[in-house]
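Peer 1: Before I ask anything, here is the structure I am working with.
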Amino acid sequence: MLNLFIFELGICLAILIIFFLDIFLPTTKKSILGILSILLLITLLFLSNRFVITGTFFSQSFVSDQFAITLKQIFVISTIIVMLGSIAHAEDKLRGRDGEYYLLLLFSLLGMMIVVSSRELLLLFVGFELMSIPLYVLSAFSKDNQRSAEGAMKIFLFGTVSSALLLLGIGIFFAINGTTSWSPHFHFKGLNDPLGTLALIVLLSGFGFKIAAFPFQFWVPDTYEGAPTPFVAFLSVAPKIAGFGIIYRFLFEALDPLILKWTVYAFVIAAVTMVIGNLLALPQRNVKRILAYSGIAHIGYILLGLASGTKFGVEMSIFYFVAYLFSNMGAFLVAEAVNRSTGNDDLDAYKNLSQRSPFLSLSMLLFLLSLGGIPFVIGFWAKLYIFLAAARSGHFTLVIIGSILTVVALFYYLNIARRMYIDKGNDEIKPIHLPFSLKLSIGICAVLVVFLGFYPKIIVSVSERAISSFKMPL
Amino acid sequence: MTEPIPVLSIIVLSPLVGALALLFQPERWRLSIRLTTLIFCLISLIGSLFIFVCYDQNVGGLQFVEKYPFVPNIGISYYVAADGISLALVLLTAIILISGFMASWGIATRSKEFYILLLLLVTGVFGVFVSFDLFLFFLFYELAVLPMYLLIGVWGTSTMVEPKGIFANAIRMTGLGSKEYGAMKLTLYLLLGSALILIGFLALYSFSGLHTFDYTSLATISLNKSTQNWLFLLFYIGFGTLAGIWPIHTWSPDGHAAAPTAVSMMHAGVLMKLGAYGIMRMGMGLLPDAALAFAPLMGTIAVINIVYGAFGAMWQNDLKYVVAYSSVSHMGIVMLGVATTNEMGLSGSVFQMFSHGIMTGLLFALVGLIYEKSHSREIPSMGGFANKMPGIATFFLIGALTSLGLPGLSGFVAEFLVFLGAWKSPMSWWLIPSVIGAFITAIYILRASKRIFFGAYKNRNHQSLIDATGYEWIAPIILSGTLIAFGIYPKLLLDPINVGIIEFLKILSK
């Protein structure tokens with residue numbers, strides 16, 4: 001029975017270990033905590049692969065199915081990469097607060113695990129808060145930076161409002177159905193009832209904040225710009241996947257009969273999110289802000305898969321998660337590396353990067369190509385599959401919008417590439433020295449982006465397995 | 001049927017292997033880097049000659065087939081084959097590749113990266129010409145388009161045209177004439193085109209109901225008229241961007257003028273043919289009804305291309321822009337041949353792809369040489385060059401005469417066939433503006449040759465110019481040799497092309 005909770009238990013254990021070690025370790029040796037958390041998470045990943053089982057618990061409000069397990073593994077992997085990328089940052093900038101940093105990441109991770117496993121709205125709410133509150137704290141982690149404070153304020157205010165919305169939605173849901181939990185064979189009452197519609201809208205708005213879909217994307221650029229960059233790599237990926245996870249579970253399990261009704265809304269939101277994200281990225285001069293807006297656009301593409309309302313579409317949006325995870329994290333980690341040497345994130349800081357550090361510029365190029373959806377890197381397959389799914393369900397308008405926006409996106413991605421490879425900087429060329437941990441994390445992302453680009457089949461089968469527990473049209 | 005020697009895979013993948021081999025050599029091994037590149041280019045060339053000779057014309061159809069499942073769950077396979085049209089274009093690519101490489105032998109800065117990108121690009125080009133899986137086709141297509149951005153952006157040349165008039169400020173902001181501007185414009189135009197193509201492929205995939213990207217099985221089904229029409233429109237605009245059809249040709253002069261020599265040769269010589277080939281192979285082969293319906297439109301636009309490109313070339317003072325605009329004009333002849341939808345026109349169209357590819361490669365190579373020697377591309381500032389560089393002048397005139405369609409050179413055969421096809425097509429008035437276009441071509445190309453090579457020196461420094469030396473001769477010799485050979489004995493190339501065209505005619509007349 002405990003095998004059901006292996007992820008949660010493992011992380012709780014890791015949290016306890018890190019917590020007590022943090023108290024007793026001297027300030028100078030705290031970087032051990034990062035390495036230790038990574039080792040613990042890797043162990044957990046291997047153990048879970050071997051021992052985890054599927055089933056439900058707590059009168060079916062906690063479920064461990066293939067979907068939850070896959071997403072949890074994705075979360076753990078992303079946390080490992082982020083922690084690896086954070087070690088150098090934590091050592092230099094946080095001055096003894098390393099322990100808190102890793103603890104908060106782990107807490108947030110625990111929250112995500114609960115979120116994707118819950119079939120009960122109150123449990124879900126607890127998970128959401130557990131996931132979000134550490135994110136607010138981490139956003140404000142560079143205390144002295146005014147922008148960090150502003151960004152943290154934004155994410156906090158938006159976050160609390162969305163929590164309030166979520167609670168309101170839960171209340172209405174309970175009022176209609178007399179329960180806050182659902183099972184795969186659940187029938188949502190009040191389909192043709194204004195109150196039922198209200199409940200859905202309010203709940204989905206609450207979720208929509210987490211994935212930063214239109215119109216809840218306003219906090220994204222400011223928060224990303226101010227927060228510590230390795231953490232942004234985490235923030236831009238993992239919580240969004242968690243948000244999508246619960247949207248999928250809720251839509252495909254609790255709202256089964258409504259399936260055709262919500263796809264229309266999902267389409268509109270997907271289209272608007274894609275357009276907004278891509279167009280607003282164009283005038284930006286700060287790489288973190290460009291990546292923030294492009295991240296919003298990618299959420300739109302993932303929503304496109306969801307909106308196709310078919311099994312294939314949802315599978316392919318899981319594929320997209322993985323592609324987005326490695327490319328986006330990699331890009332943010334490169335931004336961190338550049339920031340370490342130049343002290344800012346402006347586009348001009350990337351001038352001559354190809355001569356200062358061929359490794360960084362080549363990896364960045366790969367990540368950008370992957371985000372832009374160019375063949376031979378994983379991002380291409382992600383976009384292709386998503387478009388294929390939309391085309392199969394006959395929504396060519398969105399395919400056309402999406403593909404044209406891909407070209408718009410390539411304009412700003414290539415702008416970064418141009419700074420790295422073509423433009424001549426005025427300064428002399430100083431080679432960039434990278435700490436090993438950061439180099440390793442960027443290297444892992446780059447290798448995976450290329451390897452999976454040539455061999456996407458692994459991820460396809462992973463996403464097929466993940467969706468196998470949902471019932472929906474092919 | 002799978003061949004004992006995977007010759008097409010060898011042709012396609014040898015540049016890729018070459019690029020990988022270069023990756024492991026440090027920049028300072030100058031000679032070794034060049035020899036590696038040369039060896040892998042030669043492998044492709046030998047392979048292309050091999051298939052050209054060994055293709056059995058009596059059997060026809062697709063030969064040298066290789067087919068393996070690639071991503072079976074969505075119906076993608078690695079399916080390469082060659083028919084008569086592919087043969088000609090693969091040979092063209094190999095010739096341009098080897099001479100483009102020889103023309104860029106002396107490249108000084110970051111030469112290793114340059115060769116890697118060039119080899120990647122050429123992998124894509126070879127791949128497109130032999131892919132018979134739509135998806136594979138698209139992969140190679142993207143691979144052929146993308147390295148261009150860096151190739152032009154890093155190694156290109158900026159010609160700062162001083163903008164004049166009321167919009168001068170706005171134009172200055174775009175960076176008109178700079179290599180960054182040319183590179184970005186070219187890349188975005190072509191990627192927009194490829195986005196449309198991808199939509200078209202996905203639509204074919206889902207409308208056919210077969211859930212496969214296999215060309216031969218998609219060619220067997222017939223879609224209804226309206227679907228065919230809008231799919232064809234997607235392909236026409238998508239591939240047409242690369243083929244340089246009016247009015248979306250504007251990336252071509254800017255991009256070609258900014259590009260380094262080898263890239264201009266590759267791009268104007270081969271890549272623009274990818275577009276025309278795509279319209280033929282995908283548009284006509286898969287959507288025959290729509291192709292017939294759109295033929296009048298295609299032909300009319302092609303005629304505009306011919307005349308507009310010729311006038312454009314006439315107004316230019318920058319030698320590279322002259323050649324670039326002449327490409328736009330000559331691609332019009334290719335597209336006109338496609339639009340005639342009869343045997344002569346189509347054969348002429350493919351022959352023109354080949355002949356124009358070689359010719360424009362020759363001209364760009366020579367422009368590169370002239371620029372290297374005189375550090376100028378401004379025609380008004382040149383004069384009397386023939387005294388100091390008689391060799392370059394001779395080769396340039398061979399290129400110029402091919403361009404205006406002198407009998408005995410391959411350009412004549414191509415243009416003659418296309419014009420004959422146009423005359424026999426339902427819209428025979430096409431012939432009149434096309435011939436006028438050919439006439440204007442004669443004016444601008446001869447005038448440019450006269451101003452550059454003959455007359456008095458305009459600049460004292462030009463008296464110390466020298467002719468091409470050593471390896472610089474290789475590219476012009478290969479290219480002009482090809483022009484003359486196929487001009488005197490066109491049958492060598494026309495026969496395989498005809499075998500391929502007959503297949504198309506069968507589809508069209510169904």
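Within each chain, counting starts at residue 1; across the structure tokens, chains are named A, B, ... in the order shown, with ligands numbered 1 upward in that order.
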Excluding segment 476-492 of chain B and residues on its chain fewer than 6 positions from it, collect all residues at most 9 Å away from it, counting only C-alpha atoms, and give them as a list in words.

Peer 2: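 Listing them by chain and then by number gives Ile95, Ile96, Ser99, Ala103, Phe351, Ser355, Ile358, Met359, Gly361, Leu362, Leu363, Ala365, Leu366, Ile392, Phe395, Phe396, Ile398, Gly399, Thr402, Pro407, Gly408, Leu409, Ser410, Gly411, Phe412 and Val413 of chain B.
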
Peer 1: Determine, for each residue of chain A having at least one atom at most 10 Å from an atom of chain B, the closest pair of atoms and their separation in Å to one decimal, counting only C-alpha atoms; order by chain and ascending number, as a Markdown table.

Peer 2:
| residue | atom | partner | partner_atom | distance |
| --- | --- | --- | --- | --- |
| A:Leu369 | CA | B:Leu146 | CA | 10.0 |
| A:Ile374 | CA | B:Glu142 | CA | 7.4 |
| A:Pro375 | CA | B:Leu139 | CA | 6.0 |
| A:Phe376 | CA | B:Leu139 | CA | 8.0 |
| A:Phe380 | CA | B:Leu139 | CA | 9.6 |
| A:Leu384 | CA | B:Leu198 | CA | 8.7 |
| A:Tyr385 | CA | B:Ile74 | CA | 9.3 |
| A:Phe387 | CA | B:Leu202 | CA | 7.7 |
| A:Leu388 | CA | B:Leu202 | CA | 6.2 |
| A:Ala389 | CA | B:Leu202 | CA | 9.5 |
| A:Ala390 | CA | B:Leu202 | CA | 9.6 |
| A:Ala391 | CA | B:Ala203 | CA | 6.5 |
| A:Arg392 | CA | B:Ser206 | CA | 5.6 |
| A:Ser393 | CA | B:Ser206 | CA | 8.7 |
| A:Gly394 | CA | B:Ser206 | CA | 8.2 |
| A:Phe396 | CA | B:Ala203 | CA | 7.9 |
| A:Val399 | CA | B:Ile199 | CA | 6.9 |
| A:Ile400 | CA | B:Ile199 | CA | 6.6 |
| A:Gly402 | CA | B:Ala195 | CA | 9.2 |
| A:Ser403 | CA | B:Ala195 | CA | 5.5 |
| A:Ile404 | CA | B:Ala195 | CA | 6.4 |
| A:Leu405 | CA | B:Leu192 | CA | 9.2 |
| A:Thr406 | CA | B:Ala195 | CA | 7.9 |
| A:Val407 | CA | B:Leu192 | CA | 5.8 |
| A:Val408 | CA | B:Leu188 | CA | 8.1 |
| A:Leu410 | CA | B:Leu188 | CA | 7.8 |
| A:Phe411 | CA | B:Leu188 | CA | 7.1 |
| A:Leu414 | CA | B:Met184 | CA | 8.2 |
| A:Asn415 | CA | B:Met184 | CA | 8.8 |
| A:Ala417 | CA | B:Leu150 | CA | 8.7 |
| A:Arg418 | CA | B:Gly153 | CA | 7.6 |
| A:Tyr421 | CA | B:Val154 | CA | 7.0 |
| A:Ile422 | CA | B:Val154 | CA | 5.1 |
| A:Asp423 | CA | B:Val154 | CA | 8.2 |
| A:Lys424 | CA | B:Val154 | CA | 10.0 |
| A:Tyr455 | CA | B:Val71 | CA | 9.3 |
| A:Pro456 | CA | B:Val71 | CA | 8.8 |
| A:Lys457 | CA | B:Val71 | CA | 7.5 |
| A:Val460 | CA | B:Asn73 | CA | 9.4 |

Peer 1: Write the residues you've just listed into a file as a compact mmCIF listing (two decimals), in the first residue's frame, and include N, CA and C atoms for each of them.

Peer 2:
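The new file selection_31.txt reads:
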# COMPACT_ATOMS: atom_id res chain seq x y z
N LEU A 369 16.06 26.59 -31.52
CA LEU A 369 15.49 25.88 -32.67
C LEU A 369 14.39 24.94 -32.21
N ILE A 374 11.93 23.46 -35.19
CA ILE A 374 12.72 23.18 -36.38
C ILE A 374 13.13 21.71 -36.37
N PRO A 375 13.15 21.07 -37.54
CA PRO A 375 13.44 19.64 -37.57
C PRO A 375 14.76 19.25 -36.91
N PHE A 376 14.82 18.00 -36.54
CA PHE A 376 15.99 17.36 -35.94
C PHE A 376 16.23 17.76 -34.50
N PHE A 380 10.43 20.20 -32.85
CA PHE A 380 9.77 20.02 -34.14
C PHE A 380 8.68 18.96 -34.05
N LEU A 384 4.76 19.38 -34.66
CA LEU A 384 4.16 18.58 -35.72
C LEU A 384 3.01 17.74 -35.19
N TYR A 385 3.26 17.05 -34.08
CA TYR A 385 2.23 16.18 -33.51
C TYR A 385 0.99 16.98 -33.11
N PHE A 387 -0.01 19.84 -34.37
CA PHE A 387 -0.74 20.26 -35.57
C PHE A 387 -1.46 19.08 -36.21
N LEU A 388 -0.78 17.93 -36.17
CA LEU A 388 -1.39 16.74 -36.75
C LEU A 388 -2.68 16.40 -36.01
N ALA A 389 -2.62 16.53 -34.68
CA ALA A 389 -3.81 16.23 -33.89
C ALA A 389 -4.93 17.19 -34.23
N ALA A 390 -4.60 18.47 -34.33
CA ALA A 390 -5.62 19.46 -34.65
C ALA A 390 -6.16 19.22 -36.05
N ALA A 391 -5.25 18.84 -36.99
CA ALA A 391 -5.70 18.58 -38.36
C ALA A 391 -6.61 17.37 -38.40
N ARG A 392 -6.26 16.35 -37.62
CA ARG A 392 -7.08 15.13 -37.63
C ARG A 392 -8.48 15.41 -37.15
N SER A 393 -8.62 16.33 -36.18
CA SER A 393 -9.97 16.63 -35.74
C SER A 393 -10.57 17.76 -36.58
N GLY A 394 -9.89 18.11 -37.67
CA GLY A 394 -10.51 18.99 -38.66
C GLY A 394 -10.46 20.46 -38.37
N PHE A 396 -8.58 23.27 -39.16
CA PHE A 396 -7.48 23.79 -39.95
C PHE A 396 -7.20 25.25 -39.67
N VAL A 399 -4.62 25.29 -37.15
CA VAL A 399 -3.34 24.83 -37.68
C VAL A 399 -2.68 25.96 -38.45
N ILE A 400 -3.50 26.66 -39.23
CA ILE A 400 -2.93 27.74 -40.04
C ILE A 400 -2.42 28.87 -39.14
N GLY A 402 -1.54 28.64 -36.07
CA GLY A 402 -0.37 28.14 -35.34
C GLY A 402 0.87 28.13 -36.19
N SER A 403 0.76 27.66 -37.43
CA SER A 403 2.00 27.56 -38.22
C SER A 403 2.51 28.93 -38.63
N ILE A 404 1.59 29.86 -38.87
CA ILE A 404 2.08 31.18 -39.25
C ILE A 404 2.76 31.84 -38.05
N LEU A 405 2.17 31.61 -36.86
CA LEU A 405 2.79 32.19 -35.67
C LEU A 405 4.16 31.57 -35.41
N THR A 406 4.34 30.31 -35.85
CA THR A 406 5.66 29.70 -35.68
C THR A 406 6.73 30.53 -36.37
N VAL A 407 6.36 31.07 -37.53
CA VAL A 407 7.33 31.88 -38.26
C VAL A 407 7.59 33.18 -37.51
N VAL A 408 6.51 33.77 -36.95
CA VAL A 408 6.69 34.98 -36.14
C VAL A 408 7.65 34.68 -35.00
N LEU A 410 9.90 32.42 -34.84
CA LEU A 410 11.29 32.24 -35.29
C LEU A 410 12.00 33.57 -35.45
N PHE A 411 11.23 34.62 -35.74
CA PHE A 411 11.86 35.92 -35.87
C PHE A 411 12.55 36.30 -34.57
N LEU A 414 15.43 33.83 -33.74
CA LEU A 414 16.61 34.05 -34.59
C LEU A 414 17.32 35.35 -34.22
N ASN A 415 16.55 36.29 -33.66
CA ASN A 415 17.17 37.52 -33.22
C ASN A 415 18.22 37.24 -32.15
N ALA A 417 19.74 34.32 -31.84
CA ALA A 417 20.80 33.60 -32.55
C ALA A 417 21.70 34.57 -33.29
N ARG A 418 21.09 35.61 -33.84
CA ARG A 418 21.87 36.59 -34.58
C ARG A 418 22.85 37.30 -33.64
N TYR A 421 25.76 34.82 -32.99
CA TYR A 421 26.64 34.36 -34.06
C TYR A 421 27.08 35.45 -35.02
N ILE A 422 26.24 36.44 -35.24
CA ILE A 422 26.53 37.35 -36.35
C ILE A 422 27.04 38.69 -35.88
N ASP A 423 26.33 39.32 -34.94
CA ASP A 423 26.70 40.68 -34.56
C ASP A 423 28.08 40.72 -33.92
N LYS A 424 28.76 41.82 -34.19
CA LYS A 424 30.08 42.02 -33.57
C LYS A 424 29.90 42.90 -32.33
N TYR A 455 15.08 10.54 -32.02
CA TYR A 455 14.42 9.32 -31.59
C TYR A 455 13.22 9.67 -30.71
N PRO A 456 12.21 10.29 -31.30
CA PRO A 456 11.09 10.75 -30.48
C PRO A 456 10.19 9.63 -29.97
N LYS A 457 10.45 8.43 -30.47
CA LYS A 457 9.53 7.33 -30.19
C LYS A 457 9.39 7.05 -28.69
N VAL A 460 6.90 9.31 -27.30
CA VAL A 460 5.56 8.97 -27.79
C VAL A 460 4.99 7.82 -26.98

Peer 1: Do a neighbour search on segment 305-322 of chain A at 8 Å with only C-alpha atoms, toss out local chain neighbours closer than 3 positions, and write the hits as an mmCIF file with N, CA and C atoms, in the first residue's frame.

Peer 2:
data_model
loop_
_atom_site.group_PDB
_atom_site.id
_atom_site.type_symbol
_atom_site.label_atom_id
_atom_site.label_comp_id
_atom_site.auth_asym_id
_atom_site.auth_seq_id
_atom_site.Cartn_x
_atom_site.Cartn_y
_atom_site.Cartn_z
ATOM 1 N N ILE A 74 8.022 13.246 -14.564
ATOM 2 C CA ILE A 74 8.453 14.460 -15.273
ATOM 3 C C ILE A 74 8.833 15.546 -14.272
ATOM 4 N N ILE A 241 2.926 22.288 -16.018
ATOM 5 C CA ILE A 241 2.557 20.905 -16.323
ATOM 6 C C ILE A 241 1.586 20.401 -15.277
ATOM 7 N N ILE A 259 -17.783 16.776 -23.123
ATOM 8 C CA ILE A 259 -16.532 16.861 -23.865
ATOM 9 C C ILE A 259 -16.593 17.796 -25.077
ATOM 10 N N LEU A 260 -17.719 17.781 -25.774
ATOM 11 C CA LEU A 260 -17.767 18.605 -26.980
ATOM 12 C C LEU A 260 -17.983 20.069 -26.652
ATOM 13 N N THR A 263 -14.544 22.039 -25.762
ATOM 14 C CA THR A 263 -13.473 22.174 -26.759
ATOM 15 C C THR A 263 -13.547 23.524 -27.471
ATOM 16 N N VAL A 264 -14.770 24.043 -27.639
ATOM 17 C CA VAL A 264 -14.911 25.337 -28.310
ATOM 18 C C VAL A 264 -14.159 26.416 -27.542
ATOM 19 N N ALA A 266 -11.793 25.954 -25.369
ATOM 20 C CA ALA A 266 -10.359 25.664 -25.382
ATOM 21 C C ALA A 266 -9.734 26.185 -26.671
ATOM 22 N N PHE A 267 -10.459 26.061 -27.772
ATOM 23 C CA PHE A 267 -9.948 26.572 -29.045
ATOM 24 C C PHE A 267 -9.681 28.056 -28.993
ATOM 25 N N ALA A 270 -6.844 28.823 -26.759
ATOM 26 C CA ALA A 270 -5.577 28.409 -27.366
ATOM 27 C C ALA A 270 -5.141 29.429 -28.409
ATOM 28 N N TYR A 301 0.000 26.428 -27.643
ATOM 29 C CA TYR A 301 0.145 25.238 -28.482
ATOM 30 C C TYR A 301 -0.306 23.986 -27.734
ATOM 31 N N ILE A 302 0.049 23.931 -26.435
ATOM 32 C CA ILE A 302 -0.363 22.747 -25.672
ATOM 33 C C ILE A 302 -1.887 22.701 -25.586
ATOM 34 N N LEU A 325 9.757 21.185 -21.740
ATOM 35 C CA LEU A 325 10.538 21.108 -20.500
ATOM 36 C C LEU A 325 12.020 21.249 -20.786
ATOM 37 N N PHE A 326 12.548 20.386 -21.654
ATOM 38 C CA PHE A 326 13.996 20.414 -21.854
ATOM 39 C C PHE A 326 14.437 21.684 -22.590
ATOM 40 N N GLY A 379 11.601 19.822 -30.373
ATOM 41 C CA GLY A 379 10.493 20.760 -30.506
ATOM 42 C C GLY A 379 9.735 20.622 -31.812
ATOM 43 N N ALA A 382 7.168 17.948 -31.445
ATOM 44 C CA ALA A 382 6.085 18.401 -30.590
ATOM 45 C C ALA A 382 5.090 19.221 -31.394
ATOM 46 N N LYS A 383 5.612 20.206 -32.147
ATOM 47 C CA LYS A 383 4.707 21.063 -32.919
ATOM 48 C C LYS A 383 3.986 20.243 -33.976
ATOM 49 N N TYR A 385 3.261 17.051 -34.077
ATOM 50 C CA TYR A 385 2.226 16.184 -33.515
ATOM 51 C C TYR A 385 0.992 16.983 -33.114
ATOM 52 N N ILE A 386 1.249 18.155 -32.519
ATOM 53 C CA ILE A 386 0.114 18.977 -32.098
ATOM 54 C C ILE A 386 -0.709 19.401 -33.322
ATOM 55 N N PHE A 387 -0.012 19.836 -34.370
ATOM 56 C CA PHE A 387 -0.737 20.258 -35.573
ATOM 57 C C PHE A 387 -1.461 19.076 -36.208
ATOM 58 N N ALA A 389 -2.620 16.529 -34.683
ATOM 59 C CA ALA A 389 -3.808 16.226 -33.887
ATOM 60 C C ALA A 389 -4.927 17.189 -34.233
ATOM 61 N N ALA A 390 -4.598 18.474 -34.326
ATOM 62 C CA ALA A 390 -5.621 19.462 -34.652
ATOM 63 C C ALA A 390 -6.163 19.215 -36.053
ATOM 64 N N SER A 393 -8.622 16.335 -36.182
ATOM 65 C CA SER A 393 -9.973 16.627 -35.736
ATOM 66 C C SER A 393 -10.573 17.756 -36.577
ATOM 67 N N HIS A 395 -9.550 20.904 -37.491
ATOM 68 C CA HIS A 395 -9.531 22.328 -37.156
ATOM 69 C C HIS A 395 -8.390 23.015 -37.881
ATOM 70 N N ILE A 459 9.383 9.082 -26.202
ATOM 71 C CA ILE A 459 8.440 9.978 -25.543
ATOM 72 C C ILE A 459 7.025 9.697 -26.031
ATOM 73 N N VAL A 460 6.901 9.308 -27.298
ATOM 74 C CA VAL A 460 5.563 8.969 -27.791
ATOM 75 C C VAL A 460 4.991 7.823 -26.982
ATOM 76 N N SER A 463 3.969 8.972 -23.555
ATOM 77 C CA SER A 463 2.707 9.715 -23.480
ATOM 78 C C SER A 463 1.521 8.816 -23.785
ATOM 79 N N GLU A 464 1.723 7.823 -24.646
ATOM 80 C CA GLU A 464 0.619 6.882 -24.881
ATOM 81 C C GLU A 464 0.242 6.161 -23.590
ATOM 82 N N ALA A 466 0.735 7.228 -20.597
ATOM 83 C CA ALA A 466 0.176 8.148 -19.617
ATOM 84 C C ALA A 466 -1.322 8.325 -19.821
ATOM 85 N N ILE A 467 -1.752 8.364 -21.059
ATOM 86 C CA ILE A 467 -3.149 8.677 -21.339
ATOM 87 C C ILE A 467 -4.028 7.436 -21.266
ATOM 88 N N MET A 472 -11.654 8.414 -23.813
ATOM 89 C CA MET A 472 -12.046 9.524 -24.678
ATOM 90 C C MET A 472 -11.983 9.061 -26.124
ATOM 91 N N PRO A 473 -12.596 9.852 -27.023
ATOM 92 C CA PRO A 473 -12.577 9.425 -28.425
ATOM 93 C C PRO A 473 -11.158 9.394 -28.974
ATOM 94 N N LEU A 474 -10.923 8.484 -29.906
ATOM 95 C CA LEU A 474 -9.604 8.403 -30.527
ATOM 96 C C LEU A 474 -9.360 9.648 -31.365
#

Peer 1: Give me, as a compact mmCIF listing (two decimals) with N, CA and C atoms, in the first residue's frame, all polymer residues having an atom no more than 6 Å from segment 337-348 of chain A, counting only C-alpha atoms and skipping those fewer than 3 positions away in the same chain.

Peer 2:
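Result went into out.txt, see below:
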# COMPACT_ATOMS: atom_id res chain seq x y z
N ARG A 285 13.37 43.34 -25.42
CA ARG A 285 14.81 43.41 -25.57
C ARG A 285 15.53 42.58 -24.51
N ASN A 286 14.77 41.99 -23.61
CA ASN A 286 15.37 41.24 -22.51
C ASN A 286 15.11 39.76 -22.74
N VAL A 287 16.16 38.96 -22.71
CA VAL A 287 16.00 37.57 -23.10
C VAL A 287 15.03 36.83 -22.18
N VAL A 334 20.87 28.69 -19.82
CA VAL A 334 21.87 29.44 -20.56
C VAL A 334 21.79 30.91 -20.19
N LYS A 351 25.91 39.25 -27.49
CA LYS A 351 26.78 39.49 -28.63
C LYS A 351 28.06 38.69 -28.50

Peer 1: DSSP says alpha helix (DSSP H) for which residues of segment 37-138 of chain A? Put them as a ChimeraX atom specification?

Peer 2: /A:37-51,66-89,98-117,121-138

Peer 1: Give me, as a count of residues only, all polymer residues having an atom no more than 8 Å from segment 502-506 of chain B, counting only C-alpha atoms and skipping those fewer than 5 positions away in the same chain.

Peer 2: 6

Peer 1: Just how far from atom CA of Ile416 of chain A is atom CA of Ile444 of chain A, in Å to one decimal?

Peer 2: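 Value for the atom CA of Ile444 of chain A-atom CA of Ile416 of chain A distance: 21.4 Å.
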